[in-house]
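Student: Mind looking over this structure? Questions follow.
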4 protein chains.
Amino acid sequence: MAGNTFGSLFRVTTFGESHGGGVGCVVDGCPPGLLLSEEDIQVELDRRRPGQSQITSSRKEEDKIKILSGVFEGRTTGTPIMLLAKNKDARPENYDHLKDVYRPSHADYTYEAKYGRRDWMGGGRSSARETLSRVASGAIAKKYLKEKLNIDILSYVESVGTVKAVVDDSKLTYKKIEGSIVRCPEEKTAGKMIKLIEKAKNAGDSVGGVIRGVIRNVPPGLGEPVFDKLSADLGKAMLSINAVKGFELGSGFYGTTLKGSRHNDLFYLDRDGKVRTVTNNSGGIQGGISNGEPIVFRVAFKPVSTISKEQTTLNVKKQKIILAASGRHDPCVLPRAVPVVEAMASLVVIDHYLRHKAQNL
Amino acid sequence: MAGNTFGSLFRVTTFGESHGGGVGCVVDGCPPGLLLSEEDIQVELDRRRPGQSQITSSRKEEDKIKILSGVFEGRTTGTPIMLLAKNKDARPENYDHLKDVYRPSHADYTYEAKYGRRDWMGGGRSSARETLSRVASGAIAKKYLKEKLNIDILSYVESVGTVKAVVDDSKLTYKKIEGSIVRCPEEKTAGKMIKLIEKAKNAGDSVGGVIRGVIRNVPPGLGEPVFDKLSADLGKAMLSINAVKGFELGSGFYGTTLKGSRHNDLFYLDRDGKVRTVTNNSGGIQGGISNGEPIVFRVAFKPVSTISKEQTTLNVKKQKIILAASGRHDPCVLPRAVPVVEAMASLVVIDHYLRHKAQNL
Amino acid sequence: MAGNTFGSLFRVTTFGESHGGGVGCVVDGCPPGLLLSEEDIQVELDRRRPGQSQITSSRKEEDKIKILSGVFEGRTTGTPIMLLAKNKDARPENYDHLKDVYRPSHADYTYEAKYGRRDWMGGGRSSARETLSRVASGAIAKKYLKEKLNIDILSYVESVGTVKAVVDDSKLTYKKIEGSIVRCPEEKTAGKMIKLIEKAKNAGDSVGGVIRGVIRNVPPGLGEPVFDKLSADLGKAMLSINAVKGFELGSGFYGTTLKGSRHNDLFYLDRDGKVRTVTNNSGGIQGGISNGEPIVFRVAFKPVSTISKEQTTLNVKKQKIILAASGRHDPCVLPRAVPVVEAMASLVVIDHYLRHKAQNL
Amino acid sequence: MAGNTFGSLFRVTTFGESHGGGVGCVVDGCPPGLLLSEEDIQVELDRRRPGQSQITSSRKEEDKIKILSGVFEGRTTGTPIMLLAKNKDARPENYDHLKDVYRPSHADYTYEAKYGRRDWMGGGRSSARETLSRVASGAIAKKYLKEKLNIDILSYVESVGTVKAVVDDSKLTYKKIEGSIVRCPEEKTAGKMIKLIEKAKNAGDSVGGVIRGVIRNVPPGLGEPVFDKLSADLGKAMLSINAVKGFELGSGFYGTTLKGSRHNDLFYLDRDGKVRTVTNNSGGIQGGISNGEPIVFRVAFKPVSTISKEQTTLNVKKQKIILAASGRHDPCVLPRAVPVVEAMASLVVIDHYLRHKAQNL
């Protein structure tokens with residue numbers, strides 16, 4: 001109950017701090033027989049890796065993943081899959097200046113309030129390095145969902161600061177998203193976003209934004225009524241990512257301004273005899289259960305807390321001090337957060353698929 | 001894993017459909033020794049009850065709660081508390097017209113897709129009547145949190161359609177909220193909201209809106225890092241409520257447009273020697289853990305799906321039909337959803353308090 | 001985590017005390033479409049009911065079960081099934097003499113040590129009346145297992161005190177077991193057991209014994225390696241029943257005296273091309289997973305703690321007192337425990353079937 | 001739900017096979033501030049290690065444990081503790097002869113029946129090497145229980161085959177147990193046990209036995225009524241260990257032959273004003289909750305399945321074959337199982353302590 005496990009049937013337990021031995025996870029409940037190599041996972045991790053472009057942190061982290069168990073003769077065995085990425089050695093003295101500081105909008109103060117102590121090297125457990133385990137385990141889920149159910153899980157940067165892209169989701173492709181270092185499929189807007197990020201970087205500041213997720217080919221019937229609605233679990237998954245401050249499904253907050261007669265998604269029968277809806281304000285989920293339409297959602301990321309500009313804050317002795325981050329931090333977390341969003345979506349969908357299968361298939 | 005249980009240490013398992021024997025829940029893990037009467041629970045249920053004002057459904061439901069176990073000599077014993085509200089007898093023929101219809105943006109189609117069958121009387125398990133169990137169990141949590149920790153859990157209707165109130169949260173009181181039938185503490189805006197709701201009602205239509213939650217006096221340290229962040233669990237709790245399409249914490253989606261230097265909440269020491277933040281864009285939660293500031297969040301409710309206006313849809317034979325709801329439905333769910341939001345917030349906070357206590361206190 | 005929920009996918013949450021509103025449970029996760037009536041459940045409850053023969057307590061309890069939710073048009077819907085048996089009104093004064101007493105080998109003292117208070121009417125939550133919920137929920141599981149997988153779950157009284165039956169499990173039938181009021185299929189020994197129980201009853205004393213369980217037609221593959229071995233979960237299920245002090249599978253404690261060469265179950269191919277074992281010392285489970293042989297186990301029940309003979313004990317003021325139970329208690333719990341053992345076995349097997357199905361089928 | 005996680009608040013998730021990258025576990029929920037070094041864990045692992053004496057397998061395994069996360073500046077941080085023991089490289093060809101064989105009373109057949117495939121190198125996940133993770137995580141629990149609550153968790157070999165020791169538990173010490181390579185504190189019997197084991201070894205055969213556990217200083221109040229009785233969770237913990245076929249608490253199976261008047265444990269007040277019982281047939285647990293007396297239990301281990309004697313069995317093509325194990329296996333698992341029993345007991349007690357603390361302290 002200490003919160004490091006996600007999922008009920010496809011269950012991921014993560015560990016690791018920014019520094020120390022390494023980060024990774026144990027994936028329990030994966031169906032047996034899935035072809036799985038380290039390369040399958042590495043390709044997703046490389047999308048999350050720092051230093052991948054001029055708008056991400058220039059930190060050099062290899063993030064090489066190793067599979068230590070659960071795969072035999074190239075296939076999953078049904079027993080726990082252990083994934084480990086070792087940390088590079090770090091010199092503690094590099095972090096001495098953070099030892100006694102509560103960085104604004106970081107977790108330094110709250111960790112100490114909770115545990116009476118904290119690992120002050122690079123954020124310890126609260127470091128975004130923890131998302132590596134999400135992406136690694138999510139890569140397995142994503143592969144299974146694609147191979148067995150043809151489910152596509154995509155996401156892209158829809159806005160950075162006030163720069164917002166207008167994208168036709170029906171024409172969205174992985175290639176278009178990955179074609180841009182900012183992971184926005186709309187080329188012109190992508191250019192503006194990159195400029196905005198570079199400007200913030202040069203100013204020693206940071207910017208936030210919104211990632212939009214699109215999940216296609218989810219069969220109707222996934223999600224549990226009442227508490228474990230597919231929407232509720234997707235929301236929790238996204239809100240558990242560092243820096244996320246909001247989540248909305250389908251019409252979301254905007255939908256609250258519409259009349260019911262405008263908002264309702266009318267059913268019709270398509271040419272293939274499939275039940276469809278004319279609009280998709282429901283975002284692919286009704287009564288907490290997938291209805292077969294694309295699942296669409298939006299995730300709000302605040303601007304990164306680490307900035308080079310000077311800020312006043314407190315140290316652990318409760319004295320007022322001036323802080324200005326040095327080091328190589330991301331001016332905008334969104335491009336690297338895209339694979340994290342997809343990973344979390346994958347974990348939610350596979351878990352609900354297995355839950356649905358257990359009771360109803 | 002079928003999704004009808006909420007919480008890990010203060011654990012609520014609900015049951016019941018719109019029609020049939022009744023609705024209710026089993027509350028497991030409540031600390032012993034809490035004074036608890038049916039009246040303590042009834043007072044919250046009366047805030048949720050239909051027919052409480054001219055802007056809610058005029059259905060007459062008594063919703064009388066009975067405690068069947070777990071309370072002895074007026075106090076909780078530490079064993080499961082069973083809460084039951086019997087349903088009134090209904091005549092199945094009243095629902096015959098819904099037997100074969102997929103109502104737009106309802107759960108008729110998705111339940112059938114999931115289970116291969118569905119209870120078509122009044123929505124069955126997907127009926128909003130299910131929220132009665134949330135309010136009943138939440139009332140116990142709320143009482144405990146107030147008595148033991150002085151935690152205040154409030155919420156109010158911030159917007160209906162495009163009518164939005166501007167409220168000073170620091171002056172918010174329970175009395176002000178309950179003084180208005182629409183549960184908006186800002187009197188003038190409340191009047192406009194009521195008019196908007198009545199207009200929608202007369203037009204056979206419905207409206208949505210936003211509820212804002214404010215939790216005060218939460219001690220620093222609640223919430224688990226990584227997956228079970230307090231924000232993630234609050235988000236899931238809210239997104240599990242019928243008709244909810246979005247959740248945001250603190251600065252939320254708006255915060256994505258700010259620079260980090262503007263968004264960061266600077267720490268300072270207040271006169272009482274308490275660590276505080278100058279602003280509260282974090283919404284009282286940092287790194288997933290409460291920091292002692294008020295927890296503030298917003299919940300988006302879509303317009304009610306049941307409307308009297310004619311709509312085209314499909315029946316179970318996949319034929320196109322015209323549907324127009326008769327019956328007494330709510331034109332706007334928000335006034336009655338306020339106690340539901342507070343209940344879910346209470347369940348999240350008590351659960352995280354007990355989890356924190358287990359490991360760290 | 002307060003221990004009133006059993007199972008992970010077929011999940012039973014129970015509530016209720018000996019006195020008060022009633023006892024019952026919520027069954028979550030039952031597959032939809034199962035034909036289910038109150039009579040299906042009542043028939044099992046009647047096997048557990050007090051007053052069913054001259055060797056059980058003569059208390060008159062009707063134990064009428066009601067299904068309050070989760071069944072529609074005669075079939076399970078996939079949503080929570082709520083089962084309730086109301087308690088008869090009791091006069092508190094009937095229990096006044098137990099209010100301040102710690103009965104030997106009862107849970108009076110430990111409940112008070114745990115919770116700081118206790119429900120002293122008839123044992124409160126620690127009453128064996130709680131097993132009604134097990135039998136009721138188990139009846140659903142049993143029906144499903146029989147109908148969908150042809151699994152037979154049987155148990156019988158193998159010994160009472162030192163009187164032990166020798167039974168050929170391969171010829172065991174439900175009819176033979178139920179043909180005897182002591183639920184021992186071996187007629188002669190059954191007679192001796194009945195005499196022993198009556199003798200204890202007349203002496204104001206009680207006797208214990210062993211129940212043997214036999215589960216047939218379990219497909220190979222049920223059970224999870226490592227912690228949730230089928231044997232471990234069966235053991236937990238049995239050890240959670242009031243008065244149980246021991247559990248063994250297959251050769252059990254006796255098997256510890258054998259050499260490996262004698263104990264190993266050699267594989268062979270039977271005439272139907274099925275992999276079988278020559279002996280069944282494994283009790284149908286190898287490496288925690290069913291191997292297709294009958295699952296056989298034994299459950300030790302201590303003699304009932306409530307006796308009419310005088311005993312010294314303490315009261316809540318820690319003063320020494322003399323206690324002699326009046327009232328109508330069972331001199332031997334075993335005949336009525338047979339349906340409880342079968343119910344718990346059913347709950348374990350269905351849960352593991354659904355778990356196996358989720359991951360591997 | 002795939003069974004590789006144990007505990008609810010002090011939660012251990014294990015991974016790893018006999019061969020491959022390594023074995024280990026993630027411990028989540030450990031209270032912060034506990035002094036913890038690799039040496040604290042290694043000392044317990046060395047008691048489990050093969051090759052520690054002439055009566056255990058002569059395999060040379062170092063079993064060096066590494067702490068990869070969750071400990072900072074020598075103390076636990078409250079975040080997940082990752083423990084890893086790398087496997088030595090193995091040559092697959094060494095196991096070629098087992099690739100196609102279902103070894104009698106091993107898990108080869110059942111794993112294949114469950115997953116459709118299996119890791120045939122050294123038993124894969126079903127190897128006893130998996131218990132390393134239990135001992136490692138249990139060492140942390142044991143240390144916490146001793147330091148914070150002065151709880152002592154001991155166990156010893158009570159019988160091997162038909163050789164049984166009579167031990168006065170009140171005089172039992174860790175030193176006496178560890179003074180014997182067979183881990184029986186009664187010197188004379190220990191000698192006989194060793195001879196019996198050597199005889200079996202020389203005959204290419206194996207022997208079983210019973211381990212007795214004694215837990216002292218458990219405060220009254222641990223354990224949850226109904227399903228998660230302390231006895232039920234202890235039983236499950238033990239029955240989840242490889243080769244375990246039985247568990248009994250206190251008087252156990254023998255107690256079923258006694259009358260209630262003889263079996264009941266009468267309460268009295270000791271000189272220190274503490275509530276005690278005259279006898280301890282309850283084994284320290286009443287109504288599923290600890291009563292302050294020593295918790296005593298017995299665990300039955302079958303004779304090891306791997307023997308050098310020839311046996312007939314089937315191969316994966318369902319052909320009859322003759323099998324005779326070569327290699328260095330344990331003729332008796334009990335001496336090395338003692339730390340495993342203690343570890344599992346520690347995990348159960350700490351988990352129930354935290355659960356009790358959350359609700360009641």
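Naming works like this for the structure tokens: A, B, ... for the chains as they're shown, residue 1 at the start of each chain, ligands 1 onward in shown order.
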Need to verify the contact set: region 27-32 of chain A, 7 Å, only C-alpha atoms, exclusion of same-chain residues closer than 2 positions in sequence. Can you return it as a ChimeraX atom specification?
Tutor: /A:9-13,25,34,76-82,137 /C:359-360 /D:1-2,115
Student: For N, CA, C and O atoms, I'd like the residues from the last selection saved as a PDB file, in the first residue's frame.
Tutor:
```
ATOM      1  N   LEU A   9      -4.043  -7.027 -12.532  1.00  0.00           N
ATOM      2  CA  LEU A   9      -3.711  -8.326 -13.129  1.00  0.00           C
ATOM      3  C   LEU A   9      -2.414  -8.252 -13.931  1.00  0.00           C
ATOM      4  O   LEU A   9      -1.624  -9.178 -13.918  1.00  0.00           O
ATOM      5  N   PHE A  10      -2.211  -7.172 -14.622  1.00  0.00           N
ATOM      6  CA  PHE A  10      -0.910  -6.883 -15.229  1.00  0.00           C
ATOM      7  C   PHE A  10      -0.298  -5.874 -14.280  1.00  0.00           C
ATOM      8  O   PHE A  10      -0.663  -4.702 -14.286  1.00  0.00           O
ATOM      9  N   ARG A  11       0.561  -6.332 -13.419  1.00  0.00           N
ATOM     10  CA  ARG A  11       0.926  -5.566 -12.232  1.00  0.00           C
ATOM     11  C   ARG A  11       2.403  -5.192 -12.254  1.00  0.00           C
ATOM     12  O   ARG A  11       3.272  -6.054 -12.330  1.00  0.00           O
ATOM     13  N   VAL A  12       2.660  -3.899 -12.151  1.00  0.00           N
ATOM     14  CA  VAL A  12       4.020  -3.385 -12.215  1.00  0.00           C
ATOM     15  C   VAL A  12       4.430  -2.842 -10.854  1.00  0.00           C
ATOM     16  O   VAL A  12       3.714  -2.028 -10.272  1.00  0.00           O
ATOM     17  N   THR A  13       5.554  -3.301 -10.352  1.00  0.00           N
ATOM     18  CA  THR A  13       6.092  -2.785  -9.096  1.00  0.00           C
ATOM     19  C   THR A  13       7.437  -2.151  -9.391  1.00  0.00           C
ATOM     20  O   THR A  13       8.332  -2.825  -9.911  1.00  0.00           O
ATOM     21  N   CYS A  25      11.774  -2.322 -12.582  1.00  0.00           N
ATOM     22  CA  CYS A  25      10.470  -2.791 -12.118  1.00  0.00           C
ATOM     23  C   CYS A  25      10.325  -4.295 -12.298  1.00  0.00           C
ATOM     24  O   CYS A  25      11.084  -4.925 -13.035  1.00  0.00           O
ATOM     25  N   LEU A  34       4.616 -14.368 -25.232  1.00  0.00           N
ATOM     26  CA  LEU A  34       4.869 -13.148 -25.995  1.00  0.00           C
ATOM     27  C   LEU A  34       6.355 -13.068 -26.349  1.00  0.00           C
ATOM     28  O   LEU A  34       7.216 -13.153 -25.477  1.00  0.00           O
ATOM     29  N   THR A  76       8.028 -14.643 -23.197  1.00  0.00           N
ATOM     30  CA  THR A  76       7.630 -14.518 -21.791  1.00  0.00           C
ATOM     31  C   THR A  76       7.142 -15.875 -21.290  1.00  0.00           C
ATOM     32  O   THR A  76       6.515 -16.639 -22.025  1.00  0.00           O
ATOM     33  N   THR A  77       7.442 -16.146 -20.021  1.00  0.00           N
ATOM     34  CA  THR A  77       7.095 -17.449 -19.452  1.00  0.00           C
ATOM     35  C   THR A  77       5.839 -17.407 -18.594  1.00  0.00           C
ATOM     36  O   THR A  77       5.347 -18.444 -18.155  1.00  0.00           O
ATOM     37  N   GLY A  78       5.327 -16.196 -18.301  1.00  0.00           N
ATOM     38  CA  GLY A  78       4.198 -16.063 -17.392  1.00  0.00           C
ATOM     39  C   GLY A  78       4.625 -15.755 -15.967  1.00  0.00           C
ATOM     40  O   GLY A  78       3.791 -15.434 -15.123  1.00  0.00           O
ATOM     41  N   THR A  79       5.917 -15.846 -15.707  1.00  0.00           N
ATOM     42  CA  THR A  79       6.445 -15.505 -14.375  1.00  0.00           C
ATOM     43  C   THR A  79       7.022 -14.084 -14.411  1.00  0.00           C
ATOM     44  O   THR A  79       7.109 -13.486 -15.477  1.00  0.00           O
ATOM     45  N   PRO A  80       7.369 -13.523 -13.242  1.00  0.00           N
ATOM     46  CA  PRO A  80       7.716 -12.095 -13.209  1.00  0.00           C
ATOM     47  C   PRO A  80       8.871 -11.697 -14.131  1.00  0.00           C
ATOM     48  O   PRO A  80       9.906 -12.360 -14.151  1.00  0.00           O
ATOM     49  N   ILE A  81       8.652 -10.633 -14.858  1.00  0.00           N
ATOM     50  CA  ILE A  81       9.680 -10.074 -15.734  1.00  0.00           C
ATOM     51  C   ILE A  81      10.369  -8.950 -14.974  1.00  0.00           C
ATOM     52  O   ILE A  81       9.728  -7.994 -14.559  1.00  0.00           O
ATOM     53  N   MET A  82      11.669  -9.107 -14.787  1.00  0.00           N
ATOM     54  CA  MET A  82      12.398  -8.092 -14.031  1.00  0.00           C
ATOM     55  C   MET A  82      13.211  -7.251 -14.998  1.00  0.00           C
ATOM     56  O   MET A  82      13.987  -7.787 -15.798  1.00  0.00           O
ATOM     57  N   SER A 137       7.964  -0.987 -18.627  1.00  0.00           N
ATOM     58  CA  SER A 137       6.879  -1.960 -18.441  1.00  0.00           C
ATOM     59  C   SER A 137       5.762  -1.704 -19.441  1.00  0.00           C
ATOM     60  O   SER A 137       5.144  -2.637 -19.960  1.00  0.00           O
TER      61      SER A 137
ATOM     62  N   GLN C 359      -4.879 -14.755 -17.297  1.00  0.00           N
ATOM     63  CA  GLN C 359      -3.515 -14.719 -17.812  1.00  0.00           C
ATOM     64  C   GLN C 359      -3.235 -15.716 -18.926  1.00  0.00           C
ATOM     65  O   GLN C 359      -2.492 -15.410 -19.855  1.00  0.00           O
ATOM     66  N   ASN C 360      -3.843 -16.894 -18.822  1.00  0.00           N
ATOM     67  CA  ASN C 360      -3.364 -17.994 -19.662  1.00  0.00           C
ATOM     68  C   ASN C 360      -4.360 -18.611 -20.632  1.00  0.00           C
ATOM     69  O   ASN C 360      -3.949 -19.363 -21.513  1.00  0.00           O
TER      70      ASN C 360
ATOM     71  N   MET D   1      -2.016 -10.274  -9.563  1.00  0.00           N
ATOM     72  CA  MET D   1      -2.728 -11.467  -9.115  1.00  0.00           C
ATOM     73  C   MET D   1      -2.041 -12.741  -9.567  1.00  0.00           C
ATOM     74  O   MET D   1      -2.618 -13.806  -9.541  1.00  0.00           O
ATOM     75  N   ALA D   2      -0.788 -12.575 -10.065  1.00  0.00           N
ATOM     76  CA  ALA D   2      -0.083 -13.751 -10.538  1.00  0.00           C
ATOM     77  C   ALA D   2       0.751 -14.363  -9.421  1.00  0.00           C
ATOM     78  O   ALA D   2       1.559 -15.254  -9.647  1.00  0.00           O
ATOM     79  N   TYR D 115       1.141 -22.733 -18.360  1.00  0.00           N
ATOM     80  CA  TYR D 115       1.635 -21.657 -19.225  1.00  0.00           C
ATOM     81  C   TYR D 115       1.851 -22.077 -20.680  1.00  0.00           C
ATOM     82  O   TYR D 115       2.152 -21.239 -21.522  1.00  0.00           O
TER      83      TYR D 115
END
```
Student: Can you list, as a ChimeraX atom specification, all residues belonging to region 162-231 of chain C that DSSP tags as strand (DSSP E or B)?
Tutor: /C:163-164,207,209-216
Student: What's around region 210-218 of chain A at 6 Å? Count only C-alpha atoms, leave out sequence neighbours fewer than 5 positions away in its own chain, and write the answer as a list in words.
Tutor: Ile151, Asp152, Ile153, Leu154, Ser155, Tyr156, Val157, Glu158, Ser159, Gly292, Pro294, Ile295, Val296, Phe297, Arg298, Val299, Ala300 and Phe301 of chain A
Student: Please write the residues from the selection above to a file, keeping all heavy atoms, as a compact mmCIF listing (two decimals), in the first residue's frame.
Tutor:
```
# COMPACT_ATOMS: atom_id res chain seq x y z
N ILE A 151 -4.55 -3.04 -30.99
CA ILE A 151 -4.81 -1.75 -30.35
C ILE A 151 -3.62 -0.81 -30.57
O ILE A 151 -2.47 -1.20 -30.35
CB ILE A 151 -5.11 -1.92 -28.84
CG1 ILE A 151 -6.43 -2.68 -28.66
CG2 ILE A 151 -5.12 -0.57 -28.13
CD1 ILE A 151 -6.76 -3.03 -27.22
N ASP A 152 -3.92 0.41 -31.02
CA ASP A 152 -2.89 1.44 -31.22
C ASP A 152 -2.96 2.46 -30.10
O ASP A 152 -4.03 3.04 -29.86
CB ASP A 152 -3.14 2.19 -32.53
CG ASP A 152 -2.62 1.45 -33.72
OD1 ASP A 152 -1.51 0.87 -33.61
OD2 ASP A 152 -3.32 1.42 -34.75
N ILE A 153 -1.83 2.74 -29.50
CA ILE A 153 -1.80 3.74 -28.42
C ILE A 153 -0.83 4.84 -28.82
O ILE A 153 0.38 4.61 -28.90
CB ILE A 153 -1.42 3.07 -27.09
CG1 ILE A 153 -2.52 2.07 -26.72
CG2 ILE A 153 -1.22 4.12 -26.00
CD1 ILE A 153 -2.34 1.35 -25.42
N LEU A 154 -1.38 6.00 -29.08
CA LEU A 154 -0.58 7.12 -29.56
C LEU A 154 -0.78 8.33 -28.65
O LEU A 154 -1.83 8.46 -28.01
CB LEU A 154 -1.03 7.51 -30.97
CG LEU A 154 -0.82 6.47 -32.08
CD1 LEU A 154 -1.54 6.92 -33.35
CD2 LEU A 154 0.67 6.28 -32.34
N SER A 155 0.20 9.21 -28.62
CA SER A 155 -0.03 10.50 -27.97
C SER A 155 0.92 11.52 -28.57
O SER A 155 1.93 11.15 -29.18
CB SER A 155 0.14 10.41 -26.45
OG SER A 155 1.47 10.28 -26.09
N TYR A 156 0.58 12.76 -28.44
CA TYR A 156 1.41 13.82 -29.01
C TYR A 156 1.27 15.10 -28.20
O TYR A 156 0.35 15.24 -27.40
CB TYR A 156 1.04 14.06 -30.48
CG TYR A 156 -0.38 14.51 -30.71
CD1 TYR A 156 -0.72 15.87 -30.71
CD2 TYR A 156 -1.39 13.59 -30.94
CE1 TYR A 156 -2.02 16.28 -30.95
CE2 TYR A 156 -2.70 13.98 -31.16
CZ TYR A 156 -3.01 15.33 -31.16
OH TYR A 156 -4.30 15.74 -31.37
N VAL A 157 2.21 16.01 -28.42
CA VAL A 157 2.17 17.30 -27.73
C VAL A 157 1.17 18.19 -28.45
O VAL A 157 1.38 18.56 -29.61
CB VAL A 157 3.57 17.93 -27.69
CG1 VAL A 157 3.51 19.31 -27.05
CG2 VAL A 157 4.52 17.03 -26.90
N GLU A 158 0.11 18.52 -27.78
CA GLU A 158 -0.93 19.34 -28.40
C GLU A 158 -0.68 20.82 -28.16
O GLU A 158 -0.97 21.65 -29.02
CB GLU A 158 -2.30 18.96 -27.83
CG GLU A 158 -3.45 19.63 -28.56
CD GLU A 158 -4.80 19.33 -27.94
OE1 GLU A 158 -5.05 19.75 -26.79
OE2 GLU A 158 -5.62 18.68 -28.59
N SER A 159 -0.15 21.14 -26.98
CA SER A 159 0.18 22.56 -26.74
C SER A 159 1.42 22.67 -25.87
O SER A 159 1.72 21.79 -25.06
CB SER A 159 -1.00 23.30 -26.08
OG SER A 159 -1.18 22.86 -24.76
N GLY A 292 -15.98 1.31 -28.07
CA GLY A 292 -15.47 0.99 -29.40
C GLY A 292 -14.99 2.19 -30.19
O GLY A 292 -14.26 2.04 -31.17
N PRO A 294 -12.65 5.67 -30.64
CA PRO A 294 -11.31 5.99 -30.13
C PRO A 294 -11.40 6.62 -28.73
O PRO A 294 -12.29 7.44 -28.48
CB PRO A 294 -10.77 7.01 -31.14
CG PRO A 294 -11.55 6.76 -32.39
CD PRO A 294 -12.90 6.30 -31.95
N ILE A 295 -10.51 6.21 -27.86
CA ILE A 295 -10.44 6.83 -26.54
C ILE A 295 -9.53 8.04 -26.66
O ILE A 295 -8.37 7.90 -27.06
CB ILE A 295 -9.92 5.82 -25.50
CG1 ILE A 295 -10.95 4.69 -25.34
CG2 ILE A 295 -9.64 6.49 -24.17
CD1 ILE A 295 -10.51 3.55 -24.46
N VAL A 296 -10.06 9.20 -26.36
CA VAL A 296 -9.26 10.42 -26.49
C VAL A 296 -9.26 11.17 -25.16
O VAL A 296 -10.28 11.31 -24.50
CB VAL A 296 -9.81 11.34 -27.61
CG1 VAL A 296 -9.56 10.70 -28.98
CG2 VAL A 296 -11.29 11.62 -27.44
N PHE A 297 -8.09 11.65 -24.81
CA PHE A 297 -7.97 12.34 -23.51
C PHE A 297 -6.85 13.37 -23.59
O PHE A 297 -6.03 13.34 -24.52
CB PHE A 297 -7.69 11.31 -22.41
CG PHE A 297 -6.45 10.48 -22.62
CD1 PHE A 297 -5.22 10.91 -22.14
CD2 PHE A 297 -6.51 9.27 -23.29
CE1 PHE A 297 -4.08 10.15 -22.34
CE2 PHE A 297 -5.36 8.51 -23.51
CZ PHE A 297 -4.15 8.94 -23.03
N ARG A 298 -6.82 14.25 -22.62
CA ARG A 298 -5.81 15.30 -22.56
C ARG A 298 -5.17 15.33 -21.17
O ARG A 298 -5.87 15.16 -20.18
CB ARG A 298 -6.41 16.66 -22.89
CG ARG A 298 -6.96 16.73 -24.33
CD ARG A 298 -7.67 18.05 -24.60
NE ARG A 298 -6.76 19.14 -24.85
CZ ARG A 298 -6.67 20.25 -24.10
NH1 ARG A 298 -7.46 20.41 -23.03
NH2 ARG A 298 -5.81 21.20 -24.40
N VAL A 299 -3.88 15.58 -21.14
CA VAL A 299 -3.13 15.56 -19.89
C VAL A 299 -2.36 16.87 -19.74
O VAL A 299 -1.59 17.23 -20.63
CB VAL A 299 -2.14 14.38 -19.86
CG1 VAL A 299 -1.48 14.26 -18.50
CG2 VAL A 299 -2.84 13.08 -20.23
N ALA A 300 -2.57 17.56 -18.62
CA ALA A 300 -1.93 18.86 -18.40
C ALA A 300 -0.63 18.70 -17.61
O ALA A 300 -0.64 18.15 -16.51
CB ALA A 300 -2.89 19.77 -17.62
N PHE A 301 0.47 19.19 -18.20
CA PHE A 301 1.77 19.19 -17.51
C PHE A 301 2.13 20.62 -17.12
O PHE A 301 2.18 21.50 -17.97
CB PHE A 301 2.87 18.64 -18.42
CG PHE A 301 2.80 17.15 -18.62
CD1 PHE A 301 1.91 16.59 -19.52
CD2 PHE A 301 3.63 16.29 -17.90
CE1 PHE A 301 1.84 15.21 -19.71
CE2 PHE A 301 3.58 14.92 -18.09
CZ PHE A 301 2.68 14.37 -18.99
```
Student: From region 156-186 of chain D, collect each residue whose DSSP state is helix (DSSP H, G or I) and return the set as a list in words.
Tutor: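 Residues meeting the helix (DSSP H, G or I) criterion: Asp169, Ser170, Lys171, Tyr174, Lys175, Lys176, Ile177 and Glu178 of chain D.
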Student: Tell me which protein, DNA and RNA residues are within 10 Å of Ala200 (chain A), counting only C-alpha atoms, leaving out same-chain ones fewer than 4 positions away, and put them as a PyMOL selection string.
Tutor: (chain A and resi 194-196+204-207+307+331-332) or (chain B and resi 259-260)
Student: Using only C-alpha atoms, can you tell me which of D:Pro220, D:Gly179, D:Gly250, D:Gly33 comes closest to chain B?
Tutor: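 The closest residue to chain B is D:Gly33.
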